[in-house]
Amino acid sequence: MTMIYENTLAFAKEMDAKDPLAKWRDEFHIPVVDGKEVNYFTGNSLGLQPKRAKHYIDTEIKEWANWGVEGHFKGRHPWKDYHEMFVEPISKIVGAQPKEVVVMNSLTVNLNLLLVSFYRPTTERYKIICEAKAFPSDQYALEMQVKCAGFNPDEAIIEVALREGEYTVRHEDIIEAIEQAGDSLALVMIGGVNYFTGQAFDMKSITEAGHKVGANVGFDLAHAVGNIKLELHDWDVDFACWCSYKYMNSGPGGVAGIYVNQKHCDNADLPRFAGWWGHEQETRFLMEKGFKPMKSAEAWQMSNAPVISMAVHKASVDIFAEVGMDALLEKQKLLSGYLEFIVDDINTQKGFENLKEKGLENITPRNWNERGCQVSIVANGYGRPLFDHLMQQGVIADWREPNVIRMAPVPLYNSFEDVYRFGEVLSEAL
Ligand SMILES: *Cc1c(COP(=O)(O)O)cnc(C)c1O
């Protein structure tokens, strides 16, 4: 499908009028600055607040007031089982079997817990492959897990580098690195969607390649969950983790989630850190000696559920369940495609030809299968003042030194008019 776009307000308004998801914008609080709603493009960093979140929190706060400790067993959603309400909707969002997911903790904590189980190095097989410029938290987690296991991170961690002058990692370079590492490879651990460029990796074939050499394969889905189509179970991914405050709109530091492939859930002997909430349900409250893991991702749970944080998450997950990922993905393609078009059009209008010297260089893959919402632009020849101007004009985007602008028009609450207005402000600023 090729879409014919126009860089006019009338066109943007027409697209919004035709958009079946337009009404969902009303379900979110759009920040207001100087009496005007901002153009919010940082849903990849902190998603906006669903208006219903307050009601969901209030409900649990009231249950607590009414019941005290009995709230674990009574009330509308007994807290003892609160996390179970996420199993069905989250498994749909990430393409898992219900048993393979659980909502718990925060992202980097979960990554470390999963590495304890899935990075089990031996003297022959101890290497990890990750992408160059992985999110720093992931880099630190890998580095220290390698050290804790008694290996040297400089030797053990192989970063698949960018080629000279390129911004995105070549898929064939990842596969080649996996094949080359061969028997020495213990783990492939990659960000499913790169936070900087918005590049989405081919997780299916990376998983295949990793398994072929006998390694485990896991993904950090911080920028992927709620953003791209995921089929974790069918791709046979070993494990994955994500946070919920980016595209999932579940609030700052909100409760995160993990996926563990069924085949590992069934393996009670797998080494792991443990706590009472991962112990088999039937005997959990007998409080006896001897850890017996549940036969699901819940086995990795350690503590009882942070219900207030989960209430916000539930508000958001209910919206995702009502809208459905397929509808979101459809609009996402049109909307991010419109942003690409606007950027191209500005380059043409301004007569920018050599974009590497001056102009707006789009470094996000154009292919829909290789990205989600996010479009990252290098504003060559321009510096921080350009971004400051955008912010002054109510465009909330994300700036990375020296001159990268990351924008994520998200299908749940961004409009085509948002994208058009961004273009208008940007064009004026240039
Ligand atoms: C956002 C993000 C994080 C943040 O980790 P927290 O533990 O939630 O603070 C980690 N890794 C990646 C890839 C991210 O995008």
# chains A, B, ... in the order shown; residues from 1 in each chain; ligands from 1

$ residues_around --residues "A:Thr168" --least-positions-apart "3" --cutoff "7 Å" --atoms "only C-alpha atoms" --output "PyMOL selection string"
chain A and resi 162+197+199

$ write_last_selection --atoms "N, CA and C atoms" --output "mmCIF file, in the first residue's frame"
data_model
loop_
_atom_site.group_PDB
_atom_site.id
_atom_site.type_symbol
_atom_site.label_atom_id
_atom_site.label_comp_id
_atom_site.auth_asym_id
_atom_site.auth_seq_id
_atom_site.Cartn_x
_atom_site.Cartn_y
_atom_site.Cartn_z
ATOM 1 N N LEU A 162 28.317 -0.941 14.555
ATOM 2 C CA LEU A 162 27.767 -0.266 13.382
ATOM 3 C C LEU A 162 28.865 -0.178 12.332
ATOM 4 N N THR A 197 17.647 4.666 17.561
ATOM 5 C CA THR A 197 17.263 4.803 16.150
ATOM 6 C C THR A 197 15.839 4.330 15.870
ATOM 7 N N GLN A 199 15.162 1.298 15.370
ATOM 8 C CA GLN A 199 15.295 0.096 14.536
ATOM 9 C C GLN A 199 14.730 -1.128 15.251
#

$ closest_atom_pairs --of "chain A" --to "ligand 1" --cutoff "10 Å" --atoms "only C-alpha atoms and all ligand atoms" --output "JSON lines"
{"residue": "A:Asn44", "atom": "CA", "partner": "ligand 1", "partner_atom_place_in_ligand_line": "1 (C)", "distance": 8.5}
{"residue": "A:Ser45", "atom": "CA", "partner": "ligand 1", "partner_atom_place_in_ligand_line": "1 (C)", "distance": 6.9}
{"residue": "A:Leu46", "atom": "CA", "partner": "ligand 1", "partner_atom_place_in_ligand_line": "1 (C)", "distance": 9.0}
{"residue": "A:Asn105", "atom": "CA", "partner": "ligand 1", "partner_atom_place_in_ligand_line": "7 (O)", "distance": 8.9}
{"residue": "A:Ser106", "atom": "CA", "partner": "ligand 1", "partner_atom_place_in_ligand_line": "7 (O)", "distance": 5.3}
{"residue": "A:Leu107", "atom": "CA", "partner": "ligand 1", "partner_atom_place_in_ligand_line": "7 (O)", "distance": 4.0}
{"residue": "A:Thr108", "atom": "CA", "partner": "ligand 1", "partner_atom_place_in_ligand_line": "7 (O)", "distance": 3.7}
{"residue": "A:Val109", "atom": "CA", "partner": "ligand 1", "partner_atom_place_in_ligand_line": "7 (O)", "distance": 6.2}
{"residue": "A:Asn110", "atom": "CA", "partner": "ligand 1", "partner_atom_place_in_ligand_line": "7 (O)", "distance": 8.0}
{"residue": "A:Leu111", "atom": "CA", "partner": "ligand 1", "partner_atom_place_in_ligand_line": "7 (O)", "distance": 8.3}
{"residue": "A:Asn112", "atom": "CA", "partner": "ligand 1", "partner_atom_place_in_ligand_line": "7 (O)", "distance": 9.9}
{"residue": "A:Ala134", "atom": "CA", "partner": "ligand 1", "partner_atom_place_in_ligand_line": "13 (C)", "distance": 6.8}
{"residue": "A:Phe135", "atom": "CA", "partner": "ligand 1", "partner_atom_place_in_ligand_line": "13 (C)", "distance": 4.7}
{"residue": "A:Pro136", "atom": "CA", "partner": "ligand 1", "partner_atom_place_in_ligand_line": "11 (N)", "distance": 7.1}
{"residue": "A:Ser137", "atom": "CA", "partner": "ligand 1", "partner_atom_place_in_ligand_line": "10 (C)", "distance": 5.2}
{"residue": "A:Asp138", "atom": "CA", "partner": "ligand 1", "partner_atom_place_in_ligand_line": "11 (N)", "distance": 5.5}
{"residue": "A:Gln139", "atom": "CA", "partner": "ligand 1", "partner_atom_place_in_ligand_line": "11 (N)", "distance": 8.8}
{"residue": "A:Ala141", "atom": "CA", "partner": "ligand 1", "partner_atom_place_in_ligand_line": "10 (C)", "distance": 9.7}
{"residue": "A:Ile190", "atom": "CA", "partner": "ligand 1", "partner_atom_place_in_ligand_line": "13 (C)", "distance": 8.6}
{"residue": "A:Gly191", "atom": "CA", "partner": "ligand 1", "partner_atom_place_in_ligand_line": "13 (C)", "distance": 5.6}
{"residue": "A:Gly192", "atom": "CA", "partner": "ligand 1", "partner_atom_place_in_ligand_line": "13 (C)", "distance": 8.3}
{"residue": "A:Val193", "atom": "CA", "partner": "ligand 1", "partner_atom_place_in_ligand_line": "13 (C)", "distance": 8.0}
{"residue": "A:Asn194", "atom": "CA", "partner": "ligand 1", "partner_atom_place_in_ligand_line": "13 (C)", "distance": 7.1}
{"residue": "A:Tyr195", "atom": "CA", "partner": "ligand 1", "partner_atom_place_in_ligand_line": "15 (O)", "distance": 5.4}
{"residue": "A:Phe196", "atom": "CA", "partner": "ligand 1", "partner_atom_place_in_ligand_line": "15 (O)", "distance": 8.8}
{"residue": "A:Phe219", "atom": "CA", "partner": "ligand 1", "partner_atom_place_in_ligand_line": "13 (C)", "distance": 9.1}
{"residue": "A:Asp220", "atom": "CA", "partner": "ligand 1", "partner_atom_place_in_ligand_line": "13 (C)", "distance": 5.7}
{"residue": "A:Leu221", "atom": "CA", "partner": "ligand 1", "partner_atom_place_in_ligand_line": "13 (C)", "distance": 6.8}
{"residue": "A:Ala222", "atom": "CA", "partner": "ligand 1", "partner_atom_place_in_ligand_line": "15 (O)", "distance": 4.6}
{"residue": "A:His223", "atom": "CA", "partner": "ligand 1", "partner_atom_place_in_ligand_line": "15 (O)", "distance": 5.5}
{"residue": "A:Ala224", "atom": "CA", "partner": "ligand 1", "partner_atom_place_in_ligand_line": "15 (O)", "distance": 8.9}
{"residue": "A:Cys241", "atom": "CA", "partner": "ligand 1", "partner_atom_place_in_ligand_line": "11 (N)", "distance": 9.2}
{"residue": "A:Trp242", "atom": "CA", "partner": "ligand 1", "partner_atom_place_in_ligand_line": "12 (C)", "distance": 7.8}
{"residue": "A:Cys243", "atom": "CA", "partner": "ligand 1", "partner_atom_place_in_ligand_line": "8 (O)", "distance": 5.5}
{"residue": "A:Ser244", "atom": "CA", "partner": "ligand 1", "partner_atom_place_in_ligand_line": "8 (O)", "distance": 8.1}
{"residue": "A:Tyr245", "atom": "CA", "partner": "ligand 1", "partner_atom_place_in_ligand_line": "8 (O)", "distance": 8.0}
{"residue": "A:Lys246", "atom": "CA", "partner": "ligand 1", "partner_atom_place_in_ligand_line": "1 (C)", "distance": 7.3}
{"residue": "A:Pro252", "atom": "CA", "partner": "ligand 1", "partner_atom_place_in_ligand_line": "8 (O)", "distance": 8.8}
{"residue": "A:Gly253", "atom": "CA", "partner": "ligand 1", "partner_atom_place_in_ligand_line": "8 (O)", "distance": 6.2}
{"residue": "A:Gly254", "atom": "CA", "partner": "ligand 1", "partner_atom_place_in_ligand_line": "8 (O)", "distance": 8.0}
{"residue": "A:Val255", "atom": "CA", "partner": "ligand 1", "partner_atom_place_in_ligand_line": "8 (O)", "distance": 8.8}
{"residue": "A:Ala256", "atom": "CA", "partner": "ligand 1", "partner_atom_place_in_ligand_line": "8 (O)", "distance": 7.6}

$ write_last_selection --atoms "C-alpha atoms" --output "PDB file, in the first residue's frame"
ATOM      1  CA  ASN A  44       8.511   6.292  23.793  1.00  0.00           C
ATOM      2  CA  SER A  45      10.014   7.796  26.934  1.00  0.00           C
ATOM      3  CA  LEU A  46       7.022   8.287  29.215  1.00  0.00           C
ATOM      4  CA  ASN A 105       9.243  -5.459  39.499  1.00  0.00           C
ATOM      5  CA  SER A 106      10.934  -3.052  37.126  1.00  0.00           C
ATOM      6  CA  LEU A 107      12.798  -3.674  33.920  1.00  0.00           C
ATOM      7  CA  THR A 108      16.468  -3.777  34.868  1.00  0.00           C
ATOM      8  CA  VAL A 109      15.700  -5.787  37.991  1.00  0.00           C
ATOM      9  CA  ASN A 110      13.904  -8.313  35.821  1.00  0.00           C
ATOM     10  CA  LEU A 111      16.690  -8.394  33.271  1.00  0.00           C
ATOM     11  CA  ASN A 112      19.125  -9.293  36.022  1.00  0.00           C
ATOM     12  CA  ALA A 134      22.627  -0.865  23.733  1.00  0.00           C
ATOM     13  CA  PHE A 135      20.770   1.099  26.390  1.00  0.00           C
ATOM     14  CA  PRO A 136      23.273   1.768  29.213  1.00  0.00           C
ATOM     15  CA  SER A 137      21.249  -0.042  31.878  1.00  0.00           C
ATOM     16  CA  ASP A 138      21.413  -3.225  29.784  1.00  0.00           C
ATOM     17  CA  GLN A 139      25.142  -2.786  29.215  1.00  0.00           C
ATOM     18  CA  ALA A 141      23.611  -5.476  33.744  1.00  0.00           C
ATOM     19  CA  ILE A 190      19.421  -7.620  22.160  1.00  0.00           C
ATOM     20  CA  GLY A 191      17.030  -4.693  22.473  1.00  0.00           C
ATOM     21  CA  GLY A 192      14.066  -5.704  20.281  1.00  0.00           C
ATOM     22  CA  VAL A 193      13.680  -2.081  19.160  1.00  0.00           C
ATOM     23  CA  ASN A 194      16.738   0.136  19.562  1.00  0.00           C
ATOM     24  CA  TYR A 195      15.977   3.122  21.772  1.00  0.00           C
ATOM     25  CA  PHE A 196      18.153   5.504  19.774  1.00  0.00           C
ATOM     26  CA  PHE A 219      15.284  -9.557  24.176  1.00  0.00           C
ATOM     27  CA  ASP A 220      14.787  -6.322  26.040  1.00  0.00           C
ATOM     28  CA  LEU A 221      11.447  -5.096  24.740  1.00  0.00           C
ATOM     29  CA  ALA A 222      11.320  -1.696  26.468  1.00  0.00           C
ATOM     30  CA  HIS A 223      10.741   0.048  23.138  1.00  0.00           C
ATOM     31  CA  ALA A 224       8.914  -2.832  21.497  1.00  0.00           C
ATOM     32  CA  CYS A 241      11.541  -8.333  29.622  1.00  0.00           C
ATOM     33  CA  TRP A 242      10.046  -4.888  29.226  1.00  0.00           C
ATOM     34  CA  CYS A 243       8.923  -1.821  31.139  1.00  0.00           C
ATOM     35  CA  SER A 244       5.401  -0.456  31.084  1.00  0.00           C
ATOM     36  CA  TYR A 245       5.874   3.310  31.278  1.00  0.00           C
ATOM     37  CA  LYS A 246       6.878   3.909  27.648  1.00  0.00           C
ATOM     38  CA  PRO A 252       6.825   6.598  35.902  1.00  0.00           C
ATOM     39  CA  GLY A 253       8.701   3.571  37.213  1.00  0.00           C
ATOM     40  CA  GLY A 254       5.540   1.501  36.721  1.00  0.00           C
ATOM     41  CA  VAL A 255       5.499  -2.248  37.206  1.00  0.00           C
ATOM     42  CA  ALA A 256       7.270  -4.181  34.419  1.00  0.00           C
TER      43      ALA A 256
END

$ closest_residue --among "A:Gly150, A:His313, A:Ala156, A:Leu426" --to "A:Lys350" --atoms "only C-alpha atoms"
A:Leu426

$ residues_around --residues "A:Asp266" --least-positions-apart "5" --cutoff "10 Å" --atoms "only C-alpha atoms" --output "ChimeraX atom specification"
/A:261,293-297

$ write_last_selection --atoms "N, CA and C atoms" --output "PDB file, in the first residue's frame"
ATOM      1  N   ASN A 261       9.858 -18.650  28.009  1.00  0.00           N
ATOM      2  CA  ASN A 261       9.354 -19.715  27.149  1.00  0.00           C
ATOM      3  C   ASN A 261       8.874 -20.922  27.985  1.00  0.00           C
ATOM      4  N   PRO A 293       9.200 -24.243  42.483  1.00  0.00           N
ATOM      5  CA  PRO A 293       8.778 -23.185  41.560  1.00  0.00           C
ATOM      6  C   PRO A 293       7.442 -23.499  40.891  1.00  0.00           C
ATOM      7  N   MET A 294       6.645 -22.464  40.674  1.00  0.00           N
ATOM      8  CA  MET A 294       5.450 -22.628  39.850  1.00  0.00           C
ATOM      9  C   MET A 294       5.896 -23.033  38.453  1.00  0.00           C
ATOM     10  N   LYS A 295       5.000 -23.642  37.685  1.00  0.00           N
ATOM     11  CA  LYS A 295       5.374 -24.055  36.324  1.00  0.00           C
ATOM     12  C   LYS A 295       4.943 -22.996  35.311  1.00  0.00           C
ATOM     13  N   SER A 296       5.271 -21.760  35.642  1.00  0.00           N
ATOM     14  CA  SER A 296       4.933 -20.639  34.759  1.00  0.00           C
ATOM     15  C   SER A 296       5.947 -19.538  35.011  1.00  0.00           C
ATOM     16  N   ALA A 297       5.820 -18.458  34.240  1.00  0.00           N
ATOM     17  CA  ALA A 297       6.741 -17.331  34.428  1.00  0.00           C
ATOM     18  C   ALA A 297       6.633 -16.767  35.849  1.00  0.00           C
TER      19      ALA A 297
END

$ closest_residue --among "A:Pro20, A:Gly290, A:Pro402, A:Gly372" --to "A:Arg384" --atoms "only C-alpha atoms"
A:Pro402

$ residues_around --residues "A:Met391" --least-positions-apart "6" --cutoff "12 Å" --atoms "only C-alpha atoms" --output "VMD selection string"
chain A and resid 33 38 to 42 384 to 385 397 to 399 405 422 425 to 426 429

$ closest_residue --among "A:Asn367, A:Gln49, A:Gln392, A:Ser427" --to "A:Asn347" --atoms "only C-alpha atoms"
A:Ser427

$ select_by_dssp --residues "stretch 221-329 of chain A" --states "alpha helix (DSSP H)" --output "list of chain:residue names"
A:Gln262, A:Lys263, A:His264, A:Cys265, A:Val307, A:Ile308, A:Ser309, A:Met310, A:Ala311, A:Val312, A:His313, A:Lys314, A:Ala315, A:Ser316, A:Val317, A:Asp318, A:Ile319, A:Phe320, A:Ala321, A:Glu322, A:Val323, A:Met325, A:Asp326, A:Ala327, A:Leu328, A:Leu329

$ write_last_selection --atoms "N, CA and C atoms" --output "mmCIF file, in the first residue's frame"
data_model
loop_
_atom_site.group_PDB
_atom_site.id
_atom_site.type_symbol
_atom_site.label_atom_id
_atom_site.label_comp_id
_atom_site.auth_asym_id
_atom_site.auth_seq_id
_atom_site.Cartn_x
_atom_site.Cartn_y
_atom_site.Cartn_z
ATOM 1 N N GLN A 262 7.740 -21.452 27.570
ATOM 2 C CA GLN A 262 7.117 -22.594 28.248
ATOM 3 C C GLN A 262 8.101 -23.710 28.597
ATOM 4 N N LYS A 263 9.001 -24.002 27.661
ATOM 5 C CA LYS A 263 9.928 -25.140 27.896
ATOM 6 C C LYS A 263 10.809 -24.882 29.121
ATOM 7 N N HIS A 264 11.101 -23.605 29.385
ATOM 8 C CA HIS A 264 11.903 -23.298 30.577
ATOM 9 C C HIS A 264 11.026 -23.242 31.833
ATOM 10 N N CYS A 265 9.770 -22.822 31.642
ATOM 11 C CA CYS A 265 8.839 -22.792 32.787
ATOM 12 C C CYS A 265 8.679 -24.200 33.363
ATOM 13 N N VAL A 307 0.354 -3.496 44.317
ATOM 14 C CA VAL A 307 -0.989 -3.342 43.759
ATOM 15 C C VAL A 307 -1.294 -1.918 43.262
ATOM 16 N N ILE A 308 -0.803 -0.903 43.968
ATOM 17 C CA ILE A 308 -1.133 0.469 43.537
ATOM 18 C C ILE A 308 -0.527 0.743 42.158
ATOM 19 N N SER A 309 0.726 0.337 41.988
ATOM 20 C CA SER A 309 1.373 0.496 40.691
ATOM 21 C C SER A 309 0.670 -0.368 39.632
ATOM 22 N N MET A 310 0.237 -1.532 40.032
ATOM 23 C CA MET A 310 -0.453 -2.419 39.091
ATOM 24 C C MET A 310 -1.831 -1.883 38.696
ATOM 25 N N ALA A 311 -2.429 -1.100 39.585
ATOM 26 C CA ALA A 311 -3.742 -0.528 39.253
ATOM 27 C C ALA A 311 -3.609 0.416 38.052
ATOM 28 N N VAL A 312 -2.542 1.204 38.037
ATOM 29 C CA VAL A 312 -2.307 2.099 36.901
ATOM 30 C C VAL A 312 -2.066 1.273 35.639
ATOM 31 N N HIS A 313 -1.258 0.238 35.798
ATOM 32 C CA HIS A 313 -0.951 -0.630 34.666
ATOM 33 C C HIS A 313 -2.242 -1.237 34.111
ATOM 34 N N LYS A 314 -3.128 -1.616 35.016
ATOM 35 C CA LYS A 314 -4.381 -2.243 34.580
ATOM 36 C C LYS A 314 -5.236 -1.255 33.787
ATOM 37 N N ALA A 315 -5.236 0.008 34.224
ATOM 38 C CA ALA A 315 -5.992 1.031 33.487
ATOM 39 C C ALA A 315 -5.521 1.062 32.038
ATOM 40 N N SER A 316 -4.201 1.018 31.858
ATOM 41 C CA SER A 316 -3.644 1.107 30.523
ATOM 42 C C SER A 316 -3.854 -0.179 29.717
ATOM 43 N N VAL A 317 -3.616 -1.308 30.384
ATOM 44 C CA VAL A 317 -3.752 -2.596 29.687
ATOM 45 C C VAL A 317 -5.197 -2.813 29.229
ATOM 46 N N ASP A 318 -6.154 -2.342 30.037
ATOM 47 C CA ASP A 318 -7.560 -2.450 29.624
ATOM 48 C C ASP A 318 -7.810 -1.666 28.334
ATOM 49 N N ILE A 319 -7.160 -0.516 28.210
ATOM 50 C CA ILE A 319 -7.310 0.266 26.973
ATOM 51 C C ILE A 319 -6.725 -0.507 25.790
ATOM 52 N N PHE A 320 -5.538 -1.073 25.986
ATOM 53 C CA PHE A 320 -4.924 -1.860 24.905
ATOM 54 C C PHE A 320 -5.831 -3.026 24.498
ATOM 55 N N ALA A 321 -6.453 -3.655 25.498
ATOM 56 C CA ALA A 321 -7.326 -4.793 25.192
ATOM 57 C C ALA A 321 -8.546 -4.326 24.400
ATOM 58 N N GLU A 322 -9.050 -3.140 24.744
ATOM 59 C CA GLU A 322 -10.230 -2.634 24.035
ATOM 60 C C GLU A 322 -9.894 -2.222 22.601
ATOM 61 N N VAL A 323 -8.726 -1.597 22.429
ATOM 62 C CA VAL A 323 -8.357 -1.117 21.094
ATOM 63 C C VAL A 323 -7.830 -2.254 20.226
ATOM 64 N N MET A 325 -4.074 -4.612 19.384
ATOM 65 C CA MET A 325 -2.786 -4.276 18.766
ATOM 66 C C MET A 325 -2.915 -4.093 17.251
ATOM 67 N N ASP A 326 -3.776 -4.883 16.599
ATOM 68 C CA ASP A 326 -3.837 -4.798 15.135
ATOM 69 C C ASP A 326 -4.289 -3.423 14.670
ATOM 70 N N ALA A 327 -5.292 -2.878 15.363
ATOM 71 C CA ALA A 327 -5.782 -1.547 14.995
ATOM 72 C C ALA A 327 -4.703 -0.491 15.260
ATOM 73 N N LEU A 328 -3.987 -0.678 16.350
ATOM 74 C CA LEU A 328 -2.918 0.272 16.676
ATOM 75 C C LEU A 328 -1.816 0.251 15.612
ATOM 76 N N LEU A 329 -1.475 -0.963 15.196
ATOM 77 C CA LEU A 329 -0.387 -1.095 14.220
ATOM 78 C C LEU A 329 -0.775 -0.473 12.886
#

$ closest_residue --among "A:Leu48, A:Lys292, A:Ala132, A:Phe285" --to "A:Asn267" --atoms "only C-alpha atoms"
A:Lys292

$ residues_around --residues "A:Tyr259" --least-positions-apart "3" --cutoff "7 Å" --atoms "only C-alpha atoms" --output "count of residues only"
7

$ closest_residue --among "A:Phe86, A:Trp64, A:Tyr167, A:Phe341" --to "A:Tyr420" --atoms "only C-alpha atoms"
A:Phe341

$ residues_around --residues "A:Leu339" --least-positions-apart "6" --cutoff "10 Å" --atoms "only C-alpha atoms" --output "mmCIF file with C-alpha atoms, in the first residue's frame"
data_model
loop_
_atom_site.group_PDB
_atom_site.id
_atom_site.type_symbol
_atom_site.label_atom_id
_atom_site.label_comp_id
_atom_site.auth_asym_id
_atom_site.auth_seq_id
_atom_site.Cartn_x
_atom_site.Cartn_y
_atom_site.Cartn_z
ATOM 1 C CA TYR A 5 0.275 12.316 1.819
ATOM 2 C CA ASN A 7 1.785 18.624 3.885
ATOM 3 C CA LYS A 333 2.083 2.862 9.975
ATOM 4 C CA ASP A 345 8.966 17.481 2.326
ATOM 5 C CA CYS A 373 6.342 4.499 15.964
ATOM 6 C CA GLN A 374 9.663 6.189 16.416
ATOM 7 C CA VAL A 375 11.414 8.300 13.815
ATOM 8 C CA MET A 407 10.002 11.535 17.902
ATOM 9 C CA ALA A 408 7.333 8.959 18.543
ATOM 10 C CA PRO A 409 3.843 9.762 17.284
ATOM 11 C CA PHE A 416 -2.162 13.612 12.149
ATOM 12 C CA ASP A 418 0.053 16.847 15.760
ATOM 13 C CA VAL A 419 2.458 15.665 13.090
ATOM 14 C CA TYR A 420 1.485 18.446 10.688
ATOM 15 C CA PHE A 422 5.367 19.652 14.234
ATOM 16 C CA GLY A 423 6.363 20.095 10.592
#

$ atom_distance --atom1 "atom CA of A:Asp58" --atom2 "atom CA of A:Val103"
20.6 Å

$ select_by_dssp --residues "stretch 318-389 of chain A" --states "strand (DSSP E)" --output "list of chain:residue names"
A:Gly359, A:Leu360, A:Glu361, A:Asn362, A:Val375, A:Ser376, A:Ile377, A:Val378, A:Ala379, A:Asn380

$ closest_residue --among "A:Gly351, A:Gly359, A:Gly251, A:Gly75" --to "A:Ala53" --atoms "only C-alpha atoms"
A:Gly251

$ atom_distance --atom1 "atom CA of A:Glu37" --atom2 "atom CA of A:Glu340"
22.9 Å
